[in-house]
Amino acid sequence: MPHRRDFFRLGAISLGNVFGLALAVPGVKFLLDPLGKKAAGGNFKALASLGQLQVGEPQAFAIIAARRDAWVKYPEEPVGSVWLVRQPEGAKEPVVALSAECPHLSCPVSLAADRKTFLCPCHGASFALDGGRLNEVAARGMDALPVELSESADPEVLVKFERFQPQSSKKVPLA
Ligand code: FES
């Protein structure tokens, strides 16, 4: 027959296990957390209002995001930039967003002096305003990014910033 002291001892052990488990769960979650995090900058960000953009005149916008590595979240800072090109009335997409990261070796792509093409200063890759290649330096054109417009009189232009592997003829997202 169980002794009363045994009963209390078993109760204390069970209570200790419950507390131990309660403390261990957040610790395990903390250790596993990086596995479940999305890549920085994976969401749509408002970069401009549609009215701010002139048809056929590319404008560059910085992408500001909080960088994080496995366990540390750093303050917000520029993590890249995007060229927005407003399209003429009736075009399939009202705005084209192109990553400014050169698909050759990731230098920032600039607007050429003629303002009608893009030029990468590092090795001379040249692109049309729709991001298409104008020479063979890069293996693919500039990377187009998904764009959405908010519902308002002067819609916000929302862009999903993503990075892709350089030196590949295909757009392969970086993890
Ligand atoms: S990095 Fe752009 S041309 Fe080489």
# chains A, B, ... in the order shown; residues from 1 in each chain; ligands from 1
>>> closest_atom_pairs(of="chain A", to="ligand 1", cutoff="8 Å", atoms="only C-alpha atoms and all ligand atoms", output="JSON lines")
{"residue": "A:Glu101", "atom": "CA", "partner": "ligand 1", "partner_atom_place_in_ligand_line": "2 (Fe)", "distance": 7.9}
{"residue": "A:Cys102", "atom": "CA", "partner": "ligand 1", "partner_atom_place_in_ligand_line": "2 (Fe)", "distance": 4.6}
{"residue": "A:Pro103", "atom": "CA", "partner": "ligand 1", "partner_atom_place_in_ligand_line": "2 (Fe)", "distance": 6.6}
{"residue": "A:His104", "atom": "CA", "partner": "ligand 1", "partner_atom_place_in_ligand_line": "1 (S)", "distance": 4.6}
{"residue": "A:Leu105", "atom": "CA", "partner": "ligand 1", "partner_atom_place_in_ligand_line": "1 (S)", "distance": 3.7}
{"residue": "A:Ser106", "atom": "CA", "partner": "ligand 1", "partner_atom_place_in_ligand_line": "1 (S)", "distance": 4.9}
{"residue": "A:Cys107", "atom": "CA", "partner": "ligand 1", "partner_atom_place_in_ligand_line": "1 (S)", "distance": 4.4}
{"residue": "A:Pro108", "atom": "CA", "partner": "ligand 1", "partner_atom_place_in_ligand_line": "2 (Fe)", "distance": 7.1}
{"residue": "A:Val109", "atom": "CA", "partner": "ligand 1", "partner_atom_place_in_ligand_line": "2 (Fe)", "distance": 6.6}
{"residue": "A:Leu119", "atom": "CA", "partner": "ligand 1", "partner_atom_place_in_ligand_line": "2 (Fe)", "distance": 7.9}
{"residue": "A:Cys120", "atom": "CA", "partner": "ligand 1", "partner_atom_place_in_ligand_line": "2 (Fe)", "distance": 4.5}
{"residue": "A:Pro121", "atom": "CA", "partner": "ligand 1", "partner_atom_place_in_ligand_line": "2 (Fe)", "distance": 6.5}
{"residue": "A:Cys122", "atom": "CA", "partner": "ligand 1", "partner_atom_place_in_ligand_line": "4 (Fe)", "distance": 4.9}
{"residue": "A:His123", "atom": "CA", "partner": "ligand 1", "partner_atom_place_in_ligand_line": "3 (S)", "distance": 3.7}
{"residue": "A:Gly124", "atom": "CA", "partner": "ligand 1", "partner_atom_place_in_ligand_line": "3 (S)", "distance": 4.8}
{"residue": "A:Ala125", "atom": "CA", "partner": "ligand 1", "partner_atom_place_in_ligand_line": "3 (S)", "distance": 4.2}
{"residue": "A:Ser126", "atom": "CA", "partner": "ligand 1", "partner_atom_place_in_ligand_line": "3 (S)", "distance": 7.7}
{"residue": "A:Val137", "atom": "CA", "partner": "ligand 1", "partner_atom_place_in_ligand_line": "3 (S)", "distance": 6.1}
{"residue": "A:Ala138", "atom": "CA", "partner": "ligand 1", "partner_atom_place_in_ligand_line": "3 (S)", "distance": 6.3}
>>> write_last_selection(atoms="C-alpha atoms", output="mmCIF file, in the first residue's frame")
data_model
loop_
_atom_site.group_PDB
_atom_site.id
_atom_site.type_symbol
_atom_site.label_atom_id
_atom_site.label_comp_id
_atom_site.auth_asym_id
_atom_site.auth_seq_id
_atom_site.Cartn_x
_atom_site.Cartn_y
_atom_site.Cartn_z
ATOM 1 C CA GLU A 101 21.056 43.724 -58.689
ATOM 2 C CA CYS A 102 22.881 42.794 -61.877
ATOM 3 C CA PRO A 103 22.195 39.180 -62.916
ATOM 4 C CA HIS A 104 25.845 38.920 -64.025
ATOM 5 C CA LEU A 105 27.721 39.332 -60.696
ATOM 6 C CA SER A 106 25.309 41.388 -58.583
ATOM 7 C CA CYS A 107 26.711 44.941 -59.005
ATOM 8 C CA PRO A 108 24.051 47.667 -58.818
ATOM 9 C CA VAL A 109 22.658 48.430 -62.277
ATOM 10 C CA LEU A 119 23.916 49.801 -67.793
ATOM 11 C CA CYS A 120 25.935 47.871 -65.231
ATOM 12 C CA PRO A 121 29.197 49.751 -64.561
ATOM 13 C CA CYS A 122 31.104 46.628 -63.469
ATOM 14 C CA HIS A 123 31.400 44.679 -66.742
ATOM 15 C CA GLY A 124 29.135 46.567 -69.136
ATOM 16 C CA ALA A 125 25.944 44.481 -69.125
ATOM 17 C CA SER A 126 23.256 46.481 -70.889
ATOM 18 C CA VAL A 137 27.444 39.951 -70.669
ATOM 19 C CA ALA A 138 24.742 38.690 -68.293
#
>>> closest_residue(among="A:Leu145, A:Val79, A:Gly132, A:Asp114", to="Leu98 in chain A", atoms="only C-alpha atoms")
A:Leu145
>>> select_by_dssp(residues="range 21-167 of chain A", states="helix (DSSP H, G or I)", output="list in words")
Leu21, Ala22, Leu23, Ala24, Val25, Pro26, Gly27, Val28, Lys29, Phe30, Leu31, Leu32, Asp33, Pro34, Leu35, Gly36, Leu50, Gly51 and Gln52 of chain A
>>> write_last_selection(atoms="N, CA and C atoms", output="PDB file, in the first residue's frame")
ATOM      1  N   LEU A  21       8.981  21.255 -18.318  1.00  0.00           N
ATOM      2  CA  LEU A  21       8.481  21.244 -19.695  1.00  0.00           C
ATOM      3  C   LEU A  21       8.092  22.651 -20.141  1.00  0.00           C
ATOM      4  N   ALA A  22       7.434  23.396 -19.214  1.00  0.00           N
ATOM      5  CA  ALA A  22       7.009  24.766 -19.537  1.00  0.00           C
ATOM      6  C   ALA A  22       8.215  25.639 -19.847  1.00  0.00           C
ATOM      7  N   LEU A  23       9.323  25.407 -19.114  1.00  0.00           N
ATOM      8  CA  LEU A  23      10.527  26.204 -19.362  1.00  0.00           C
ATOM      9  C   LEU A  23      11.250  25.737 -20.622  1.00  0.00           C
ATOM     10  N   ALA A  24      11.182  24.439 -20.914  1.00  0.00           N
ATOM     11  CA  ALA A  24      11.920  23.895 -22.052  1.00  0.00           C
ATOM     12  C   ALA A  24      11.287  24.266 -23.384  1.00  0.00           C
ATOM     13  N   VAL A  25       9.945  24.389 -23.449  1.00  0.00           N
ATOM     14  CA  VAL A  25       9.271  24.646 -24.730  1.00  0.00           C
ATOM     15  C   VAL A  25       9.750  25.940 -25.384  1.00  0.00           C
ATOM     16  N   PRO A  26       9.776  27.100 -24.636  1.00  0.00           N
ATOM     17  CA  PRO A  26      10.280  28.310 -25.301  1.00  0.00           C
ATOM     18  C   PRO A  26      11.730  28.168 -25.732  1.00  0.00           C
ATOM     19  N   GLY A  27      12.542  27.435 -24.930  1.00  0.00           N
ATOM     20  CA  GLY A  27      13.946  27.249 -25.294  1.00  0.00           C
ATOM     21  C   GLY A  27      14.076  26.483 -26.594  1.00  0.00           C
ATOM     22  N   VAL A  28      13.305  25.427 -26.749  1.00  0.00           N
ATOM     23  CA  VAL A  28      13.339  24.630 -27.987  1.00  0.00           C
ATOM     24  C   VAL A  28      12.836  25.473 -29.146  1.00  0.00           C
ATOM     25  N   LYS A  29      11.758  26.252 -28.892  1.00  0.00           N
ATOM     26  CA  LYS A  29      11.204  27.104 -29.953  1.00  0.00           C
ATOM     27  C   LYS A  29      12.263  28.111 -30.416  1.00  0.00           C
ATOM     28  N   PHE A  30      13.025  28.688 -29.408  1.00  0.00           N
ATOM     29  CA  PHE A  30      14.065  29.651 -29.744  1.00  0.00           C
ATOM     30  C   PHE A  30      15.125  29.004 -30.631  1.00  0.00           C
ATOM     31  N   LEU A  31      15.515  27.763 -30.279  1.00  0.00           N
ATOM     32  CA  LEU A  31      16.553  27.082 -31.055  1.00  0.00           C
ATOM     33  C   LEU A  31      16.090  26.747 -32.467  1.00  0.00           C
ATOM     34  N   LEU A  32      14.800  26.422 -32.616  1.00  0.00           N
ATOM     35  CA  LEU A  32      14.286  26.032 -33.926  1.00  0.00           C
ATOM     36  C   LEU A  32      13.796  27.218 -34.744  1.00  0.00           C
ATOM     37  N   ASP A  33      13.634  28.374 -34.085  1.00  0.00           N
ATOM     38  CA  ASP A  33      13.013  29.530 -34.729  1.00  0.00           C
ATOM     39  C   ASP A  33      13.593  29.880 -36.099  1.00  0.00           C
ATOM     40  N   PRO A  34      14.936  29.943 -36.263  1.00  0.00           N
ATOM     41  CA  PRO A  34      15.473  30.316 -37.568  1.00  0.00           C
ATOM     42  C   PRO A  34      15.010  29.407 -38.690  1.00  0.00           C
ATOM     43  N   LEU A  35      14.710  28.144 -38.374  1.00  0.00           N
ATOM     44  CA  LEU A  35      14.285  27.217 -39.430  1.00  0.00           C
ATOM     45  C   LEU A  35      12.939  27.626 -40.014  1.00  0.00           C
ATOM     46  N   GLY A  36      12.119  28.303 -39.182  1.00  0.00           N
ATOM     47  CA  GLY A  36      10.785  28.651 -39.648  1.00  0.00           C
ATOM     48  C   GLY A  36      10.670  30.061 -40.174  1.00  0.00           C
ATOM     49  N   LEU A  50       1.654  55.679 -57.362  1.00  0.00           N
ATOM     50  CA  LEU A  50       1.642  55.605 -58.830  1.00  0.00           C
ATOM     51  C   LEU A  50       1.834  56.993 -59.441  1.00  0.00           C
ATOM     52  N   GLY A  51       1.221  58.005 -58.802  1.00  0.00           N
ATOM     53  CA  GLY A  51       1.316  59.379 -59.312  1.00  0.00           C
ATOM     54  C   GLY A  51       2.728  59.945 -59.291  1.00  0.00           C
ATOM     55  N   GLN A  52       3.592  59.340 -58.477  1.00  0.00           N
ATOM     56  CA  GLN A  52       4.986  59.783 -58.379  1.00  0.00           C
ATOM     57  C   GLN A  52       5.793  59.390 -59.604  1.00  0.00           C
TER      58      GLN A  52
END
>>> atom_distance(atom1="CA of Phe161 in chain A", atom2="CA of Ala113 in chain A")
26.0 Å
>>> closest_residue(among="A:Pro58, A:Pro173, A:Pro75, A:Pro146", to="Asp130 in chain A", atoms="only C-alpha atoms")
A:Pro58
>>> closest_residue(among="A:Ile64, A:Leu174, A:Leu149, A:Leu111", to="Gly80 in chain A", atoms="only C-alpha atoms")
A:Ile64
>>> select_by_dssp(residues="range 17-169 of chain A", states="strand (DSSP E)", output="JSON, numbers by chain")
{"A": [44, 45, 46, 47, 48, 49, 59, 60, 61, 62, 63, 64, 65, 66, 67, 68, 73, 74, 75, 76, 77, 78, 79, 80, 81, 82, 83, 84, 85, 86, 95, 96, 97, 98, 99, 110, 111, 117, 118, 119, 126, 127, 128, 144, 145, 147, 148, 149, 156, 157, 158, 159, 160]}
>>> residues_around(residues="Glu89 in chain A", least_positions_apart="6", cutoff="12 Å", atoms="only C-alpha atoms", output="list of chain:residue names")
A:Gln54, A:Val55, A:Gly56, A:Val95
>>> residues_around(residues="range 47-49 of chain A", least_positions_apart="3", cutoff="9 Å", atoms="only C-alpha atoms", output="PyMOL selection string")
chain A and resi 52-53+61-63+82+84+149+154-159
>>> write_last_selection(atoms="N, CA and C atoms", output="mmCIF file, in the first residue's frame")
data_model
loop_
_atom_site.group_PDB
_atom_site.id
_atom_site.type_symbol
_atom_site.label_atom_id
_atom_site.label_comp_id
_atom_site.auth_asym_id
_atom_site.auth_seq_id
_atom_site.Cartn_x
_atom_site.Cartn_y
_atom_site.Cartn_z
ATOM 1 N N GLN A 52 3.592 59.340 -58.477
ATOM 2 C CA GLN A 52 4.986 59.783 -58.379
ATOM 3 C C GLN A 52 5.793 59.390 -59.604
ATOM 4 N N LEU A 53 5.315 58.401 -60.340
ATOM 5 C CA LEU A 53 6.100 57.831 -61.439
ATOM 6 C C LEU A 53 5.658 58.406 -62.782
ATOM 7 N N PHE A 61 14.411 52.966 -56.159
ATOM 8 C CA PHE A 61 13.935 53.033 -54.775
ATOM 9 C C PHE A 61 14.704 52.007 -53.949
ATOM 10 N N ALA A 62 15.120 52.466 -52.764
ATOM 11 C CA ALA A 62 15.845 51.550 -51.860
ATOM 12 C C ALA A 62 14.855 50.632 -51.165
ATOM 13 N N ILE A 63 15.295 49.423 -50.925
ATOM 14 C CA ILE A 63 14.516 48.476 -50.119
ATOM 15 C C ILE A 63 15.122 48.496 -48.722
ATOM 16 N N VAL A 82 15.450 48.835 -56.250
ATOM 17 C CA VAL A 82 14.557 48.386 -57.321
ATOM 18 C C VAL A 82 14.316 49.553 -58.274
ATOM 19 N N LEU A 84 11.674 51.159 -60.759
ATOM 20 C CA LEU A 84 10.262 51.122 -61.142
ATOM 21 C C LEU A 84 10.103 51.877 -62.455
ATOM 22 N N LEU A 149 -0.816 46.938 -56.810
ATOM 23 C CA LEU A 149 -1.224 48.318 -56.522
ATOM 24 C C LEU A 149 -2.280 48.288 -55.434
ATOM 25 N N ASP A 154 -4.830 57.409 -55.520
ATOM 26 C CA ASP A 154 -3.444 57.380 -56.001
ATOM 27 C C ASP A 154 -2.797 56.139 -55.392
ATOM 28 N N PRO A 155 -2.906 55.004 -56.097
ATOM 29 C CA PRO A 155 -2.484 53.731 -55.493
ATOM 30 C C PRO A 155 -1.009 53.707 -55.120
ATOM 31 N N GLU A 156 -0.725 52.962 -54.059
ATOM 32 C CA GLU A 156 0.664 52.717 -53.692
ATOM 33 C C GLU A 156 1.183 51.569 -54.554
ATOM 34 N N VAL A 157 2.436 51.670 -54.945
ATOM 35 C CA VAL A 157 3.073 50.596 -55.719
ATOM 36 C C VAL A 157 3.794 49.693 -54.729
ATOM 37 N N LEU A 158 3.302 48.458 -54.630
ATOM 38 C CA LEU A 158 3.873 47.500 -53.676
ATOM 39 C C LEU A 158 4.715 46.475 -54.435
ATOM 40 N N VAL A 159 5.917 46.248 -53.958
ATOM 41 C CA VAL A 159 6.839 45.348 -54.663
ATOM 42 C C VAL A 159 7.328 44.271 -53.708
#
>>> atom_distance(atom1="CA of Ser81 in chain A", atom2="CA of Arg163 in chain A")
10.7 Å
>>> closest_residue(among="A:Val72, A:Ala91, A:Ala60, A:Val147", to="Lys45 in chain A", atoms="only C-alpha atoms")
A:Val147
>>> residues_around(residues="range 170-172 of chain A", least_positions_apart="2", cutoff="10 Å", atoms="only C-alpha atoms", output="tab-separated table (two decimals) with N, CA and C atoms, in the first residue's frame")
chain	number	residue	atom	x	y	z
A	103	PRO	N	22.22	40.65	-62.86
A	103	PRO	CA	22.19	39.18	-62.92
A	103	PRO	C	23.54	38.58	-63.32
A	139	ALA	N	23.82	36.46	-68.21
A	139	ALA	CA	23.19	35.26	-68.78
A	139	ALA	C	21.68	35.40	-68.93
A	140	ARG	N	21.11	36.39	-68.25
A	140	ARG	CA	19.65	36.63	-68.37
A	140	ARG	C	19.41	38.13	-68.23
A	141	GLY	N	18.17	38.53	-68.46
A	141	GLY	CA	17.80	39.93	-68.30
A	141	GLY	C	17.69	40.31	-66.83
A	142	MET	N	17.42	41.59	-66.58
A	142	MET	CA	17.23	42.03	-65.19
A	142	MET	C	16.03	41.28	-64.60
A	143	ASP	N	16.07	41.05	-63.31
A	143	ASP	CA	15.02	40.25	-62.66
A	143	ASP	C	13.78	41.09	-62.37
A	144	ALA	N	12.68	40.74	-63.03
A	144	ALA	CA	11.39	41.41	-62.76
A	144	ALA	C	10.87	40.90	-61.42
A	163	ARG	N	15.80	38.09	-54.19
A	163	ARG	CA	17.14	37.98	-54.79
A	163	ARG	C	17.22	36.66	-55.56
A	164	PHE	N	18.03	36.70	-56.61
A	164	PHE	CA	18.19	35.50	-57.45
A	164	PHE	C	19.68	35.24	-57.66
A	165	GLN	N	19.98	34.00	-57.98
A	165	GLN	CA	21.37	33.62	-58.20
A	165	GLN	C	21.95	34.35	-59.39
A	166	PRO	N	23.13	34.95	-59.25
A	166	PRO	CA	23.78	35.54	-60.42
A	166	PRO	C	24.35	34.45	-61.34
A	167	GLN	N	24.72	34.87	-62.53
A	167	GLN	CA	25.41	33.98	-63.49
A	167	GLN	C	24.60	32.76	-63.89
A	168	SER	N	23.31	32.87	-63.84
A	168	SER	CA	22.47	31.74	-64.27
A	168	SER	C	21.52	32.28	-65.33
A	174	LEU	N	17.37	33.00	-54.30
A	174	LEU	CA	18.35	32.70	-53.25
A	174	LEU	C	17.57	32.40	-51.98
A	175	ALA	N	18.05	31.46	-51.20
A	175	ALA	CA	17.34	31.08	-49.96
A	175	ALA	C	17.36	32.23	-48.98
>>> decode(residues="range 51-64 of chain A", atoms="N, CA and C atoms", output="mmCIF file, in the first residue's frame")
data_model
loop_
_atom_site.group_PDB
_atom_site.id
_atom_site.type_symbol
_atom_site.label_atom_id
_atom_site.label_comp_id
_atom_site.auth_asym_id
_atom_site.auth_seq_id
_atom_site.Cartn_x
_atom_site.Cartn_y
_atom_site.Cartn_z
ATOM 1 N N GLY A 51 1.221 58.005 -58.802
ATOM 2 C CA GLY A 51 1.316 59.379 -59.312
ATOM 3 C C GLY A 51 2.728 59.945 -59.291
ATOM 4 N N GLN A 52 3.592 59.340 -58.477
ATOM 5 C CA GLN A 52 4.986 59.783 -58.379
ATOM 6 C C GLN A 52 5.793 59.390 -59.604
ATOM 7 N N LEU A 53 5.315 58.401 -60.340
ATOM 8 C CA LEU A 53 6.100 57.831 -61.439
ATOM 9 C C LEU A 53 5.658 58.406 -62.782
ATOM 10 N N GLN A 54 6.631 58.717 -63.623
ATOM 11 C CA GLN A 54 6.351 59.214 -64.978
ATOM 12 C C GLN A 54 6.501 58.064 -65.968
ATOM 13 N N VAL A 55 5.600 58.022 -66.932
ATOM 14 C CA VAL A 55 5.636 56.927 -67.932
ATOM 15 C C VAL A 55 6.996 56.897 -68.633
ATOM 16 N N GLY A 56 7.605 55.700 -68.627
ATOM 17 C CA GLY A 56 8.865 55.500 -69.363
ATOM 18 C C GLY A 56 10.092 56.106 -68.708
ATOM 19 N N GLU A 57 9.945 56.654 -67.496
ATOM 20 C CA GLU A 57 11.109 57.253 -66.813
ATOM 21 C C GLU A 57 11.428 56.443 -65.563
ATOM 22 N N PRO A 58 12.450 55.583 -65.628
ATOM 23 C CA PRO A 58 12.768 54.717 -64.485
ATOM 24 C C PRO A 58 13.192 55.524 -63.259
ATOM 25 N N GLN A 59 12.729 55.061 -62.107
ATOM 26 C CA GLN A 59 13.133 55.673 -60.845
ATOM 27 C C GLN A 59 13.584 54.563 -59.901
ATOM 28 N N ALA A 60 14.675 54.831 -59.190
ATOM 29 C CA ALA A 60 15.225 53.819 -58.276
ATOM 30 C C ALA A 60 14.703 54.052 -56.862
ATOM 31 N N PHE A 61 14.411 52.966 -56.159
ATOM 32 C CA PHE A 61 13.935 53.033 -54.775
ATOM 33 C C PHE A 61 14.704 52.007 -53.949
ATOM 34 N N ALA A 62 15.120 52.466 -52.764
ATOM 35 C CA ALA A 62 15.845 51.550 -51.860
ATOM 36 C C ALA A 62 14.855 50.632 -51.165
ATOM 37 N N ILE A 63 15.295 49.423 -50.925
ATOM 38 C CA ILE A 63 14.516 48.476 -50.119
ATOM 39 C C ILE A 63 15.122 48.496 -48.722
ATOM 40 N N ILE A 64 14.300 48.877 -47.760
ATOM 41 C CA ILE A 64 14.759 48.942 -46.366
ATOM 42 C C ILE A 64 14.142 47.759 -45.627
#
